[in-house]
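Shown here: work-v1.cif, mmCIF, C-alpha atoms.
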data_run
loop_
_atom_site.group_PDB
_atom_site.id
_atom_site.type_symbol
_atom_site.label_atom_id
_atom_site.label_comp_id
_atom_site.auth_asym_id
_atom_site.auth_seq_id
_atom_site.Cartn_x
_atom_site.Cartn_y
_atom_site.Cartn_z
ATOM 1 C CA ASP W 1 -58.795 46.809 -95.066
ATOM 2 C CA MET W 2 -57.277 47.254 -91.545
ATOM 3 C CA ASP W 3 -53.761 48.522 -90.981
ATOM 4 C CA PHE W 4 -52.154 46.552 -88.154
ATOM 5 C CA ASN W 5 -48.894 48.455 -88.056
ATOM 6 C CA PHE W 6 -48.059 49.582 -84.568
ATOM 7 C CA THR W 7 -44.774 50.321 -82.878
ATOM 8 C CA MET W 8 -43.703 48.581 -79.713
ATOM 9 C CA PRO W 9 -43.354 50.940 -76.770
ATOM 10 C CA LYS W 10 -39.741 51.706 -75.945
ATOM 11 C CA ILE W 11 -38.615 49.931 -72.787
ATOM 12 C CA ALA W 12 -36.245 51.976 -70.664
ATOM 13 C CA THR W 13 -33.001 50.117 -70.182
ATOM 14 C CA VAL W 14 -31.190 50.286 -66.875
ATOM 15 C CA PRO W 15 -27.663 51.584 -67.372
ATOM 16 C CA HIS W 16 -25.107 48.893 -66.624
ATOM 17 C CA GLU W 17 -23.673 49.445 -63.165
ATOM 18 C CA PRO W 18 -20.145 48.060 -63.219
ATOM 19 C CA PHE W 19 -19.909 47.789 -59.445
ATOM 20 C CA ALA W 20 -23.468 46.762 -58.671
ATOM 21 C CA MET W 21 -22.223 43.277 -57.821
ATOM 22 C CA LEU W 22 -19.856 44.529 -55.162
ATOM 23 C CA TRP W 23 -21.650 47.566 -53.873
ATOM 24 C CA GLY W 24 -25.273 46.719 -54.362
ATOM 25 C CA TYR W 25 -25.916 43.026 -53.953
ATOM 26 C CA GLY W 26 -24.575 39.807 -52.567
ATOM 27 C CA ARG W 27 -22.318 38.886 -49.712
ATOM 28 C CA GLY W 28 -20.012 41.504 -48.290
ATOM 29 C CA ARG W 29 -21.794 44.396 -49.866
ATOM 30 C CA LEU W 30 -21.093 47.819 -48.485
ATOM 31 C CA GLY W 31 -24.217 49.493 -49.867
ATOM 32 C CA VAL W 32 -22.724 52.605 -51.468
ATOM 33 C CA SER W 33 -22.418 54.147 -54.915
ATOM 34 C CA ILE W 34 -18.984 55.605 -55.642
ATOM 35 C CA GLU W 35 -17.238 57.693 -58.270
ATOM 36 C CA ASP W 36 -13.644 58.637 -59.025
ATOM 37 C CA THR W 37 -12.284 61.819 -57.474
ATOM 38 C CA ASP W 38 -10.602 64.263 -59.843
ATOM 39 C CA ASN W 39 -7.185 63.901 -58.173
ATOM 40 C CA GLU W 40 -7.027 60.112 -57.628
ATOM 41 C CA SER W 41 -7.101 60.632 -53.855
ATOM 42 C CA GLY W 42 -9.727 57.952 -53.316
ATOM 43 C CA VAL W 43 -13.369 57.498 -54.295
ATOM 44 C CA LYS W 44 -16.274 59.728 -53.411
ATOM 45 C CA ILE W 45 -19.438 58.189 -51.993
ATOM 46 C CA THR W 46 -22.376 59.511 -54.014
ATOM 47 C CA ASP W 47 -25.082 57.498 -52.272
ATOM 48 C CA VAL W 48 -25.460 55.367 -49.133
ATOM 49 C CA GLN W 49 -28.297 52.839 -48.996
ATOM 50 C CA ASP W 50 -30.475 52.946 -45.891
ATOM 51 C CA GLU W 51 -29.833 50.127 -43.443
ATOM 52 C CA SER W 52 -26.736 49.023 -45.378
ATOM 53 C CA ALA W 53 -23.435 48.013 -43.761
ATOM 54 C CA ALA W 54 -22.037 51.420 -44.783
ATOM 55 C CA ALA W 55 -24.938 53.322 -43.211
ATOM 56 C CA LYS W 56 -24.615 51.341 -39.975
ATOM 57 C CA SER W 57 -20.862 52.032 -39.809
ATOM 58 C CA GLY W 58 -21.466 55.786 -40.110
ATOM 59 C CA LEU W 59 -20.226 56.351 -43.672
ATOM 60 C CA LYS W 60 -21.993 59.254 -45.366
ATOM 61 C CA GLU W 61 -22.532 60.687 -48.824
ATOM 62 C CA ASN W 62 -19.534 62.809 -49.950
ATOM 63 C CA ASP W 63 -17.066 60.911 -47.736
ATOM 64 C CA ILE W 64 -13.884 60.041 -49.668
ATOM 65 C CA ILE W 65 -12.843 56.406 -49.220
ATOM 66 C CA THR W 66 -9.026 56.227 -49.144
ATOM 67 C CA GLN W 67 -8.395 52.692 -47.835
ATOM 68 C CA VAL W 68 -10.185 49.353 -47.843
ATOM 69 C CA ASP W 69 -8.923 46.873 -45.246
ATOM 70 C CA GLY W 70 -5.527 48.592 -44.995
ATOM 71 C CA LYS W 71 -4.993 48.873 -48.769
ATOM 72 C CA LYS W 72 -4.830 52.350 -50.322
ATOM 73 C CA VAL W 73 -7.350 52.950 -53.109
ATOM 74 C CA LYS W 74 -7.138 55.824 -55.564
ATOM 75 C CA ASP W 75 -10.049 55.152 -57.931
ATOM 76 C CA VAL W 76 -13.183 53.095 -58.511
ATOM 77 C CA ASN W 77 -11.332 50.192 -60.160
ATOM 78 C CA GLU W 78 -8.918 49.772 -57.250
ATOM 79 C CA THR W 79 -11.767 50.044 -54.763
ATOM 80 C CA ARG W 80 -13.737 47.342 -56.591
ATOM 81 C CA LYS W 81 -10.670 45.104 -56.555
ATOM 82 C CA GLU W 82 -10.147 45.534 -52.797
ATOM 83 C CA MET W 83 -13.872 45.064 -52.119
ATOM 84 C CA ALA W 84 -13.697 41.746 -53.971
ATOM 85 C CA GLU W 85 -10.859 40.719 -51.636
ATOM 86 C CA VAL W 86 -12.897 41.346 -48.468
ATOM 87 C CA LYS W 87 -16.143 39.821 -49.700
ATOM 88 C CA ASP W 88 -15.799 36.717 -47.516
ATOM 89 C CA LYS W 89 -14.848 38.579 -44.345
ATOM 90 C CA SER W 90 -17.372 39.216 -41.606
ATOM 91 C CA SER W 91 -15.821 42.608 -40.855
ATOM 92 C CA TYR W 92 -13.174 44.937 -42.244
ATOM 93 C CA ASN W 93 -12.103 48.550 -41.917
ATOM 94 C CA ILE W 94 -12.482 51.457 -44.269
ATOM 95 C CA LYS W 95 -10.602 54.734 -43.989
ATOM 96 C CA ALA W 96 -12.401 57.766 -45.341
ATOM 97 C CA LYS W 97 -11.941 61.511 -45.281
ATOM 98 C CA ARG W 98 -14.769 63.804 -44.229
ATOM 99 C CA ASN W 99 -14.101 67.534 -44.598
ATOM 100 C CA GLY W 100 -10.380 66.761 -44.758
ATOM 101 C CA THR W 101 -10.349 64.678 -41.554
ATOM 102 C CA GLU W 102 -9.421 61.024 -41.894
ATOM 103 C CA MET W 103 -11.770 58.662 -40.049
ATOM 104 C CA ASN W 104 -11.934 54.914 -39.519
ATOM 105 C CA PHE W 105 -15.090 52.915 -40.083
ATOM 106 C CA GLU W 106 -15.604 49.297 -39.120
ATOM 107 C CA ILE W 107 -17.825 47.492 -41.596
ATOM 108 C CA LYS W 108 -19.691 44.534 -40.165
ATOM 109 C CA ILE W 109 -21.299 42.161 -42.650
ATOM 110 C CA PRO W 110 -24.279 40.261 -41.271
ATOM 111 C CA LYS W 111 -24.153 36.550 -41.936
ATOM 112 C CA LYS W 112 -26.704 35.181 -44.388
ATOM 113 C CA ILE W 113 -29.241 33.144 -42.456
ATOM 114 C CA ASN W 114 -30.583 29.982 -44.024
ATOM 115 C CA LYS W 115 -34.316 29.642 -43.597
ATOM 116 C CA ALA W 116 -36.635 26.781 -44.448
ATOM 117 C CA THR W 117 -40.191 25.780 -43.755
ATOM 118 C CA LEU W 118 -40.403 22.011 -43.403
#

Turn the structure described in the file into structure tokens.
Amino acid sequence: DMDFNFTMPKIATVPHEPFAMLWGYGRGRLGVSIEDTDNESGVKITDVQDESAAAKSGLKENDIITQVDGKKVKDVNETRKEMAEVKDKSSYNIKAKRNGTEMNFEIKIPKKINKATL
């Protein structure tokens, strides 16, 4: 008699990215991964996607974002909230510190182009 017991292979689950909606996909996306700083002085960029709005503006990994569109941000939650506010804008400014120097970055969001083959 045959034994048909076999275990299903484990499927790796992708960890839930709370800010994937704002930072990874969709309209107004910046194209960065961020994390809280230890002193609530802003958020640290841990990754910048190639060809993203952030990359084109000159933002780099390890920059500390301190303001989004004129609003101070001290942690990831505040940054997400402000990013949600600017999602319909075609451009906005971000202030970030690099090696202690505050810099301004203009983020330009390309318009979505409708395409059809008729």

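Distances from W:Glu78, W:Asp69, W:Asn93, W:Ile107 to Gly31 (chain W) were compared using only C-alpha atoms, and the smallest one belongs to W:Ile107.
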
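What the PyMOL selection byres ((chain W and resi 62) around 8) grabs from this file is Lys44, Ile45, Thr46, Lys60, Glu61, Asp63, Ile64 and Arg98 of chain W.
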
Generate the output file for the selected residues, C-alpha atoms, as a CSV table (one decimal), in the coordinates of the input.
chain,number,residue,atom,x,y,z
W,44,LYS,CA,-16.3,59.7,-53.4
W,45,ILE,CA,-19.4,58.2,-52.0
W,46,THR,CA,-22.4,59.5,-54.0
W,60,LYS,CA,-22.0,59.3,-45.4
W,61,GLU,CA,-22.5,60.7,-48.8
W,63,ASP,CA,-17.1,60.9,-47.7
W,64,ILE,CA,-13.9,60.0,-49.7
W,98,ARG,CA,-14.8,63.8,-44.2

Protein/DNA/RNA residues near (-23.1, 56.1, -38.3), cut 12 Å, all atoms listed in the file, as a PyMOL selection string: chain W and resi 48+50-61+103-107

Residues near Val73 (chain W), cut-off 9 Å, only C-alpha atoms, skip fewer than 2 positions along chain, as a PyMOL selection string: chain W and resi 40-43+65-68+71+75-79+82

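Interatomic distance, CA of Asp88 (chain W) against CA of Glu35 (chain W): 23.6 Å.
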